[in-house]
Amino acid sequence: MNMASLHHLLLLLLLLFCGTASAARRNHHSTSLPRPPLRFKPTNNVGQFKILQVADMHFADGASTKCLDVLPDQLPTCSDLNTSAFLRRAILAEKPHLIVFTGDNIFGLDSSDSGRSLNAAFAPAIEAKLPWAVVLGNHDQEGTLSREGVMRHVVGMEGTLSEMNPTVVDVRDEMDGFGNYNLELGGVEGSVFENKTLMNLYFLDSGDYSTVDSVSGYGWIKPSQQYWFQITSRQLQKAFKSKPQPQKESAPGLAFFHIPLPEYASFDSSNFTGVEQEAGISSASVNSGFFSAMLEAGDVKAVFTGHDHLNDFCGKLTGINLCYGGGFGYHAYGKAGWARRARVVLATLEKTEKGEWGAVKSIRTWKRLDDEHLTTIDQQVLWIKKSTS
Ligand SMILES: *[C@@H]1O[C@H](CO)[C@@H](O)[C@H](O)[C@H]1NC(C)=O
Ligand SMILES: *[C@@H]1O[C@H](CO)[C@@H](O)[C@H](O)[C@H]1NC(C)=O
Ligand SMILES: *[C@@H]1O[C@H](CO)[C@@H](O)[C@H](O)[C@H]1NC(C)=O
């Protein structure tokens, strides 16, 4: 075959592929319920938005998948179903507006059918009719589905706001990973801020393992993803500072991904809240620079990862909080007698001089333990708006 006809063949294949992909996308959107925008809501006269972070569920086959690292007397009655029970209890106790699953949602190696494991793992969020968002960890793809397959399955599920990847022309063809997307949280309906995005959530695929032969260890956030983050953050900040209701500072942002950044190693117990119980931080062995990218962008106030189940701390480095969710799932390594846990993030709005709901005033966090009383621990303020409008 000569080069010209090879070129034509490739082009034809590409067109066929794109056609199928966009048809799948259209179908997906037409069969799912319309998705109302996420908004701050007044609850007990506080304008707020609450996120439940669930890290490392490690869900596999359900009742037949036993728990790891629980007390000997807990072992006989403990399975994946305890992970689901904890999720249901945490939802009831906190009534979040969004659940974010930060990777290793399923433990592919022990799952006999990845699609079935995903359906079971996220079922409590769907039952509760809450919106939910997912990023991938390093174990999600170790079963019957690839990374792309897992994310494709997830975006087709009910109630999820997860997306495959951005469709921005500049980046869509070069994007590394699956499940890089952002969500905007709008102002209170009926308020002067109803058409304004008051907080931004960035979701990134931090990969699984290094794809570079000379480097071992875990994956990292690549330049293509950082470029997408950079242009997205820039656009969102520009919009926030423009009409209607132009603001002086940027809307705060939160970032969610699985593998902690090397900068998580910047703390000790004197300057973080929570615990570090693992021998170090299991980040990639190279620093791909995403922390600097967030510093330069300026809007991200906190990062939430999982991956290290026995670390659950949150510490602030040059204005950005680096937080762990803490291990949630029972078929995940843990520590017997040390409760599985979830992180909660609450953003609250200020009131303007005229008594209207305004922009975000503060962002706080705490954790919930899966003990008898779902004990709340480690409350901390992550960010407070400098000036009032
Ligand atoms: C797991 O769930 C079973 C059934 O509800 C319960 O009896 C058991 O105490 C739970 N185990 C743990 C570790 O929470
Ligand atoms: C928000 O946008 C809608 C639709 O364009 C418009 O009807 C409404 O008046 C806007 N609200 C404010 C506070 O500007
Ligand atoms: C935390 O404290 C240790 C000393 O105990 C110090 O080396 C480290 O730089 C501090 N980290 C931050 C982010 O302030």
# chains A, B, ... in the order shown; residues from 1 in each chain; ligands from 1
>>> residues_around(residues="Thr197 of chain A", least_positions_apart="3", cutoff="9 Å", atoms="only C-alpha atoms", output="compact mmCIF listing (two decimals) with C-alpha atoms, in the first residue's frame")
# COMPACT_ATOMS: atom_id res chain seq x y z
CA ARG A 39 -25.44 24.62 43.49
CA GLU A 184 -18.63 24.07 38.81
CA LEU A 185 -20.67 24.83 41.92
CA GLY A 186 -23.17 27.61 41.28
CA GLY A 187 -24.58 30.19 43.68
CA PHE A 193 -25.06 34.88 42.46
CA GLU A 194 -27.31 32.29 40.84
CA ASN A 200 -14.55 24.77 41.30
CA LEU A 236 -12.88 30.06 35.32
CA ALA A 239 -15.33 34.50 34.38
CA PHE A 240 -15.43 34.97 38.16
CA ALA A 251 -13.31 31.42 43.30
CA ALA A 359 -19.41 34.10 47.53
>>> select_by_dssp(residues="segment 108-220 of chain A", states="strand (DSSP E or B)", output="count of residues only")
20
>>> residues_near_ligand(ligand="ligand 2", cutoff="8 Å", atoms="only C-alpha atoms and all ligand atoms", output="PyMOL selection string")
chain A and resi 190-195+244
>>> write_last_selection(atoms="N, CA and C atoms", output="short mmCIF file (atom, residue, chain, number, x, y, z; two decimals), in the first residue's frame")
data_model
loop_
_atom_site.label_atom_id
_atom_site.label_comp_id
_atom_site.auth_asym_id
_atom_site.auth_seq_id
_atom_site.Cartn_x
_atom_site.Cartn_y
_atom_site.Cartn_z
N GLY A 190 -31.94 31.78 42.77
CA GLY A 190 -32.75 32.93 43.15
C GLY A 190 -31.95 34.07 43.76
N SER A 191 -30.65 33.84 44.06
CA SER A 191 -29.82 34.90 44.62
C SER A 191 -29.12 35.65 43.49
N VAL A 192 -28.49 36.79 43.81
CA VAL A 192 -27.79 37.55 42.76
C VAL A 192 -26.60 36.75 42.19
N PHE A 193 -26.19 35.71 42.91
CA PHE A 193 -25.06 34.88 42.46
C PHE A 193 -25.52 33.61 41.74
N GLU A 194 -26.80 33.56 41.38
CA GLU A 194 -27.31 32.29 40.84
C GLU A 194 -26.66 31.89 39.52
N ASN A 195 -26.13 32.87 38.79
CA ASN A 195 -25.48 32.54 37.52
C ASN A 195 -23.96 32.58 37.61
N PRO A 244 -21.70 38.71 35.43
CA PRO A 244 -22.33 39.51 36.50
C PRO A 244 -21.59 39.37 37.84
#
>>> residues_around(residues="segment 285-298 of chain A", least_positions_apart="4", cutoff="10 Å", atoms="only C-alpha atoms", output="PyMOL selection string")
chain A and resi 210+215-223+225-227+229-234+237+249-253+255+261-264+302-303+317-320+322
>>> closest_atom_pairs(of="chain A", to="ligand 3", cutoff="9 Å", atoms="only C-alpha atoms and all ligand atoms", output="CSV")
residue,atom,partner,partner_atom_place_in_ligand_line,distance
A:Glu263,CA,ligand 3,13 (C),8.8
A:Tyr264,CA,ligand 3,13 (C),8.9
A:Ala265,CA,ligand 3,11 (N),8.7
A:Ser266,CA,ligand 3,11 (N),5.1
A:Phe267,CA,ligand 3,11 (N),4.4
A:Asp268,CA,ligand 3,1 (C),5.3
A:Ser269,CA,ligand 3,5 (O),7.5
A:Ser270,CA,ligand 3,5 (O),5.6
A:Asn271,CA,ligand 3,1 (C),4.9
A:Phe272,CA,ligand 3,1 (C),7.8
A:Gly315,CA,ligand 3,13 (C),7.0
A:Lys316,CA,ligand 3,13 (C),6.1
A:Leu317,CA,ligand 3,13 (C),4.6
A:Thr318,CA,ligand 3,13 (C),7.3
>>> write_last_selection(atoms="N, CA and C atoms", output="PDB file, in the first residue's frame")
ATOM      1  N   GLU A 263       4.941  16.542  47.515  1.00  0.00           N
ATOM      2  CA  GLU A 263       4.874  17.607  48.528  1.00  0.00           C
ATOM      3  C   GLU A 263       4.142  17.175  49.797  1.00  0.00           C
ATOM      4  N   TYR A 264       3.410  16.059  49.741  1.00  0.00           N
ATOM      5  CA  TYR A 264       2.762  15.569  50.961  1.00  0.00           C
ATOM      6  C   TYR A 264       3.803  15.213  52.024  1.00  0.00           C
ATOM      7  N   ALA A 265       5.062  15.063  51.609  1.00  0.00           N
ATOM      8  CA  ALA A 265       6.113  14.708  52.562  1.00  0.00           C
ATOM      9  C   ALA A 265       6.675  15.937  53.283  1.00  0.00           C
ATOM     10  N   SER A 266       6.041  17.097  53.098  1.00  0.00           N
ATOM     11  CA  SER A 266       6.569  18.343  53.694  1.00  0.00           C
ATOM     12  C   SER A 266       6.189  18.551  55.147  1.00  0.00           C
ATOM     13  N   PHE A 267       5.461  17.619  55.730  1.00  0.00           N
ATOM     14  CA  PHE A 267       4.910  17.859  57.069  1.00  0.00           C
ATOM     15  C   PHE A 267       5.415  16.858  58.082  1.00  0.00           C
ATOM     16  N   ASP A 268       5.224  17.209  59.339  1.00  0.00           N
ATOM     17  CA  ASP A 268       5.294  16.214  60.413  1.00  0.00           C
ATOM     18  C   ASP A 268       4.167  16.547  61.385  1.00  0.00           C
ATOM     19  N   SER A 269       4.097  15.801  62.504  1.00  0.00           N
ATOM     20  CA  SER A 269       2.930  15.957  63.375  1.00  0.00           C
ATOM     21  C   SER A 269       2.822  17.366  63.960  1.00  0.00           C
ATOM     22  N   SER A 270       3.893  18.171  63.865  1.00  0.00           N
ATOM     23  CA  SER A 270       3.817  19.538  64.408  1.00  0.00           C
ATOM     24  C   SER A 270       3.025  20.451  63.481  1.00  0.00           C
ATOM     25  N   ASN A 271       2.883  20.083  62.215  1.00  0.00           N
ATOM     26  CA  ASN A 271       2.167  20.984  61.311  1.00  0.00           C
ATOM     27  C   ASN A 271       1.131  20.303  60.420  1.00  0.00           C
ATOM     28  N   PHE A 272       0.626  19.157  60.844  1.00  0.00           N
ATOM     29  CA  PHE A 272      -0.575  18.630  60.181  1.00  0.00           C
ATOM     30  C   PHE A 272      -1.597  18.188  61.215  1.00  0.00           C
ATOM     31  N   GLY A 315      -2.376  18.977  55.857  1.00  0.00           N
ATOM     32  CA  GLY A 315      -1.432  20.027  56.238  1.00  0.00           C
ATOM     33  C   GLY A 315      -1.375  21.090  55.154  1.00  0.00           C
ATOM     34  N   LYS A 316      -1.001  22.310  55.553  1.00  0.00           N
ATOM     35  CA  LYS A 316      -1.002  23.406  54.579  1.00  0.00           C
ATOM     36  C   LYS A 316       0.423  23.788  54.177  1.00  0.00           C
ATOM     37  N   LEU A 317       0.675  23.797  52.875  1.00  0.00           N
ATOM     38  CA  LEU A 317       1.982  24.171  52.341  1.00  0.00           C
ATOM     39  C   LEU A 317       1.785  25.359  51.400  1.00  0.00           C
ATOM     40  N   THR A 318       2.415  26.473  51.721  1.00  0.00           N
ATOM     41  CA  THR A 318       2.307  27.706  50.917  1.00  0.00           C
ATOM     42  C   THR A 318       0.880  27.951  50.401  1.00  0.00           C
TER      43      THR A 318
END
>>> residues_near_ligand(ligand="ligand 1", cutoff="6 Å", atoms="only C-alpha atoms and all ligand atoms", output="list in words")
Gln74, Thr77, Cys78 and Asn82 of chain A
>>> atom_distance(atom1="atom CA of Met199 of chain A", atom2="atom CA of Lys301 of chain A")
10.4 Å
>>> atom_distance(atom1="atom CA of Asn45 of chain A", atom2="atom CA of Arg88 of chain A")
26.0 Å
>>> residues_around(residues="Ala336 of chain A", least_positions_apart="3", cutoff="7 Å", atoms="only C-alpha atoms", output="list in words")
Asp69, Val70 and Leu71 of chain A
>>> closest_atom_pairs(of="segment 237-320 of chain A", to="segment 124-143 of chain A", cutoff="10 Å", atoms="only C-alpha atoms", output="CSV")
residue,atom,partner,partner_atom,distance
A:Phe256,CA,A:Val135,CA,7.5
A:Phe257,CA,A:Val135,CA,6.1
A:His258,CA,A:Gly137,CA,5.3
A:Ile259,CA,A:Gly137,CA,7.2
A:Thr305,CA,A:Gly137,CA,9.7
A:Gly306,CA,A:Gly137,CA,8.4
A:His307,CA,A:Gly137,CA,7.5
>>> select_by_dssp(residues="segment 71-131 of chain A", states="alpha helix (DSSP H)", output="ChimeraX atom specification")
/A:80-94,114-127
>>> residues_around(residues="Glu163 of chain A", least_positions_apart="6", cutoff="7 Å", atoms="only C-alpha atoms", output="PyMOL selection string")
chain A and resi 155+179+181
>>> write_last_selection(atoms="C-alpha atoms", output="short mmCIF file (atom, residue, chain, number, x, y, z; two decimals), in the first residue's frame")
data_model
loop_
_atom_site.label_atom_id
_atom_site.label_comp_id
_atom_site.auth_asym_id
_atom_site.auth_seq_id
_atom_site.Cartn_x
_atom_site.Cartn_y
_atom_site.Cartn_z
CA VAL A 155 -19.67 7.53 33.13
CA GLY A 179 -11.42 10.82 34.04
CA TYR A 181 -12.75 16.83 34.22
#
>>> residues_around(residues="segment 275-282 of chain A", least_positions_apart="4", cutoff="7 Å", atoms="only C-alpha atoms", output="list in words")
Pro260, Tyr264, Ala265, Asp308, Leu310, Asn311, Asp312 and Phe313 of chain A
>>> closest_residue(among="A:Ala93, A:Val169, A:Met151, A:Leu98", to="Ser114 of chain A", atoms="only C-alpha atoms")
A:Met151
>>> decode(residues="segment 187-219 of chain A", atoms="N, CA and C atoms", output="mmCIF file, in the first residue's frame")
data_model
loop_
_atom_site.group_PDB
_atom_site.id
_atom_site.type_symbol
_atom_site.label_atom_id
_atom_site.label_comp_id
_atom_site.auth_asym_id
_atom_site.auth_seq_id
_atom_site.Cartn_x
_atom_site.Cartn_y
_atom_site.Cartn_z
ATOM 1 N N GLY A 187 -24.015 29.499 42.531
ATOM 2 C CA GLY A 187 -24.577 30.192 43.682
ATOM 3 C C GLY A 187 -26.004 29.748 43.968
ATOM 4 N N VAL A 188 -26.544 30.210 45.092
ATOM 5 C CA VAL A 188 -27.889 29.815 45.524
ATOM 6 C C VAL A 188 -28.923 30.260 44.488
ATOM 7 N N GLU A 189 -29.816 29.357 44.141
ATOM 8 C CA GLU A 189 -30.866 29.646 43.177
ATOM 9 C C GLU A 189 -31.710 30.825 43.668
ATOM 10 N N GLY A 190 -31.939 31.783 42.770
ATOM 11 C CA GLY A 190 -32.747 32.934 43.147
ATOM 12 C C GLY A 190 -31.950 34.073 43.763
ATOM 13 N N SER A 191 -30.655 33.836 44.058
ATOM 14 C CA SER A 191 -29.824 34.904 44.624
ATOM 15 C C SER A 191 -29.123 35.651 43.490
ATOM 16 N N VAL A 192 -28.490 36.793 43.806
ATOM 17 C CA VAL A 192 -27.788 37.547 42.757
ATOM 18 C C VAL A 192 -26.605 36.752 42.195
ATOM 19 N N PHE A 193 -26.190 35.709 42.910
ATOM 20 C CA PHE A 193 -25.058 34.883 42.459
ATOM 21 C C PHE A 193 -25.522 33.608 41.739
ATOM 22 N N GLU A 194 -26.805 33.560 41.383
ATOM 23 C CA GLU A 194 -27.310 32.292 40.839
ATOM 24 C C GLU A 194 -26.658 31.893 39.523
ATOM 25 N N ASN A 195 -26.126 32.873 38.788
ATOM 26 C CA ASN A 195 -25.483 32.543 37.516
ATOM 27 C C ASN A 195 -23.959 32.580 37.608
ATOM 28 N N LYS A 196 -23.460 32.506 38.826
ATOM 29 C CA LYS A 196 -22.030 32.616 39.044
ATOM 30 C C LYS A 196 -21.511 31.292 39.597
ATOM 31 N N THR A 197 -20.336 30.873 39.139
ATOM 32 C CA THR A 197 -19.706 29.688 39.715
ATOM 33 C C THR A 197 -18.902 30.126 40.927
ATOM 34 N N LEU A 198 -19.257 29.614 42.107
ATOM 35 C CA LEU A 198 -18.636 30.079 43.350
ATOM 36 C C LEU A 198 -17.496 29.187 43.836
ATOM 37 N N MET A 199 -17.462 27.964 43.334
ATOM 38 C CA MET A 199 -16.364 27.066 43.720
ATOM 39 C C MET A 199 -16.138 26.078 42.569
ATOM 40 N N ASN A 200 -14.899 25.673 42.397
ATOM 41 C CA ASN A 200 -14.549 24.773 41.295
ATOM 42 C C ASN A 200 -13.921 23.493 41.807
ATOM 43 N N LEU A 201 -14.327 22.392 41.200
ATOM 44 C CA LEU A 201 -13.764 21.101 41.566
ATOM 45 C C LEU A 201 -13.022 20.547 40.355
ATOM 46 N N TYR A 202 -11.770 20.177 40.566
ATOM 47 C CA TYR A 202 -10.952 19.596 39.497
ATOM 48 C C TYR A 202 -10.697 18.128 39.822
ATOM 49 N N PHE A 203 -10.908 17.270 38.838
ATOM 50 C CA PHE A 203 -10.693 15.832 39.011
ATOM 51 C C PHE A 203 -9.607 15.395 38.032
ATOM 52 N N LEU A 204 -8.605 14.693 38.533
ATOM 53 C CA LEU A 204 -7.517 14.275 37.650
ATOM 54 C C LEU A 204 -7.170 12.808 37.843
ATOM 55 N N ASP A 205 -6.718 12.210 36.759
ATOM 56 C CA ASP A 205 -6.261 10.824 36.804
ATOM 57 C C ASP A 205 -4.764 10.844 37.099
ATOM 58 N N SER A 206 -4.386 10.427 38.317
ATOM 59 C CA SER A 206 -2.963 10.456 38.670
ATOM 60 C C SER A 206 -2.247 9.188 38.211
ATOM 61 N N GLY A 207 -2.898 8.396 37.363
ATOM 62 C CA GLY A 207 -2.230 7.239 36.768
ATOM 63 C C GLY A 207 -2.173 6.041 37.691
ATOM 64 N N ASP A 208 -1.478 4.998 37.221
ATOM 65 C CA ASP A 208 -1.292 3.835 38.090
ATOM 66 C C ASP A 208 0.198 3.656 38.391
ATOM 67 N N TYR A 209 0.930 3.189 37.353
ATOM 68 C CA TYR A 209 2.361 2.987 37.568
ATOM 69 C C TYR A 209 3.142 3.750 36.511
ATOM 70 N N SER A 210 4.403 3.988 36.796
ATOM 71 C CA SER A 210 5.257 4.714 35.857
ATOM 72 C C SER A 210 5.239 4.016 34.497
ATOM 73 N N THR A 211 5.189 4.808 33.444
ATOM 74 C CA THR A 211 5.203 4.245 32.089
ATOM 75 C C THR A 211 6.586 4.473 31.458
ATOM 76 N N VAL A 212 7.521 4.945 32.270
ATOM 77 C CA VAL A 212 8.873 5.218 31.769
ATOM 78 C C VAL A 212 9.796 4.116 32.295
ATOM 79 N N ASP A 213 10.468 3.422 31.385
ATOM 80 C CA ASP A 213 11.276 2.258 31.757
ATOM 81 C C ASP A 213 12.285 2.531 32.864
ATOM 82 N N SER A 214 12.912 3.682 32.793
ATOM 83 C CA SER A 214 13.994 3.957 33.745
ATOM 84 C C SER A 214 13.483 4.433 35.110
ATOM 85 N N VAL A 215 12.161 4.595 35.226
ATOM 86 C CA VAL A 215 11.592 5.060 36.492
ATOM 87 C C VAL A 215 10.625 4.002 37.004
ATOM 88 N N SER A 216 10.799 3.597 38.281
ATOM 89 C CA SER A 216 9.865 2.620 38.842
ATOM 90 C C SER A 216 8.860 3.349 39.721
ATOM 91 N N GLY A 217 7.883 2.610 40.167
ATOM 92 C CA GLY A 217 6.941 3.171 41.131
ATOM 93 C C GLY A 217 5.656 3.667 40.498
ATOM 94 N N TYR A 218 4.977 4.541 41.216
ATOM 95 C CA TYR A 218 3.633 4.971 40.839
ATOM 96 C C TYR A 218 3.616 6.011 39.724
ATOM 97 N N GLY A 219 2.414 6.218 39.185
ATOM 98 C CA GLY A 219 2.221 7.189 38.105
ATOM 99 C C GLY A 219 2.170 8.620 38.625
#
